[in-house]
Amino acid sequence: VTEKRLSNEALEYRYRLEKLFFSIANDFINIKIDDLDVKLNKSLRGISEFVGCEHAYLFLVEDNHKTARCISEYLDSKYPDEKIGGGMY
């Protein structure tokens with residue numbers, strides 16, 4: 001019984017992960033540049049919710065890997081004042 005339950009849980013996890021990946025990929029097929037920020041934030045939110053984290057950031061590495069700039073971020077609604085928004089690191 002335990003093996004069957006674990007197998008079912010693994011299948012459910014894989015199904016949810018593949019569904020997330022396909023949803024993200026579909027959002028970026030034929031995307032308009034004006035929709036990029038919205039789609040990036042939606043993707044970060046989906047990934048965050050899937051893995052169970054409250055913050056997610058996407059950084060663009062620049063200047064020959066010397067600096068990074070936050071280009072998108074997702075924060076759970078419990079943390080509205082913690083955005084780092086576009087900072088250089």
# chains A, B, ... in the order shown; residues from 1 in each chain; ligands from 1
$ closest_atom_pairs --of "segment 7-38 of chain A" --to "segment 50-53 of chain A" --cutoff "9 Å" --atoms "only C-alpha atoms" --output "CSV"
residue,atom,partner,partner_atom,distance
A:Arg16,CA,A:Phe50,CA,8.2
A:Leu17,CA,A:Phe50,CA,7.7
A:Leu20,CA,A:Phe50,CA,8.2
$ write_last_selection --atoms "N, CA and C atoms" --output "JSON list (two decimals), in the first residue's frame"
[["chain", "number", "residue", "atom", "x", "y", "z"],
["A", 16, "ARG", "N", 1.95, 17.67, -12.17],
["A", 16, "ARG", "CA", 1.85, 19.09, -11.85],
["A", 16, "ARG", "C", 3.05, 19.87, -12.37],
["A", 17, "LEU", "N", 4.25, 19.28, -12.28],
["A", 17, "LEU", "CA", 5.46, 19.94, -12.77],
["A", 17, "LEU", "C", 5.40, 20.11, -14.29],
["A", 20, "LEU", "N", 2.98, 22.81, -15.23],
["A", 20, "LEU", "CA", 3.57, 24.13, -15.00],
["A", 20, "LEU", "C", 4.52, 24.50, -16.14]]
$ residues_around --residues "Ile24 of chain A" --least-positions-apart "6" --cutoff "10 Å" --atoms "only C-alpha atoms" --output "number ranges by chain"
A: 18, 39-40, 42-44, 46-47
$ write_last_selection --atoms "N, CA and C atoms" --output "compact mmCIF listing (two decimals), in the first residue's frame"
# COMPACT_ATOMS: atom_id res chain seq x y z
N GLU A 18 5.03 19.07 -15.00
CA GLU A 18 4.93 19.16 -16.47
C GLU A 18 3.85 20.15 -16.88
N LYS A 39 4.27 38.25 -18.10
CA LYS A 39 4.51 36.81 -18.25
C LYS A 39 5.65 36.33 -17.35
N LEU A 40 6.70 37.13 -17.20
CA LEU A 40 7.79 36.76 -16.30
C LEU A 40 7.30 36.66 -14.86
N LYS A 42 4.20 36.15 -13.86
CA LYS A 42 3.29 35.01 -13.77
C LYS A 42 4.08 33.71 -13.64
N SER A 43 5.16 33.59 -14.40
CA SER A 43 6.00 32.39 -14.35
C SER A 43 6.66 32.25 -12.99
N LEU A 44 7.20 33.34 -12.47
CA LEU A 44 7.83 33.31 -11.15
C LEU A 44 6.81 32.93 -10.07
N GLY A 46 4.09 31.11 -10.49
CA GLY A 46 3.77 29.69 -10.64
C GLY A 46 4.86 28.79 -10.08
N ILE A 47 6.11 29.13 -10.35
CA ILE A 47 7.23 28.34 -9.84
C ILE A 47 7.28 28.44 -8.32
$ closest_residue --among "A:Leu58, A:Leu75, A:Ala10, A:Cys70" --to "Arg45 of chain A" --atoms "only C-alpha atoms"
A:Leu75
$ atom_distance --atom1 "atom CA of Leu60 of chain A" --atom2 "atom CA of Ser23 of chain A"
22.5 Å
$ select_by_dssp --residues "chain A" --states "strand (DSSP E or B)" --output "list of chain:residue names"
A:His55, A:Ala56, A:Tyr57, A:Leu58, A:Phe59, A:Leu60, A:Val61, A:Glu62, A:Thr67, A:Ala68, A:Arg69, A:Cys70, A:Ile71, A:Ser72, A:Glu73, A:Tyr74, A:Leu75, A:Met88
$ atom_distance --atom1 "atom CA of Lys32 of chain A" --atom2 "atom CA of Glu49 of chain A"
25.1 Å
$ atom_distance --atom1 "atom CA of Asn41 of chain A" --atom2 "atom CA of Ser72 of chain A"
6.2 Å
$ select_by_dssp --residues "chain A" --states "helix (DSSP H, G or I)" --output "number ranges by chain"
A: 2-28, 33-51
$ closest_residue --among "A:Tyr57, A:Leu11, A:Ser48, A:Asp63" --to "Asp76 of chain A" --atoms "only C-alpha atoms"
A:Ser48
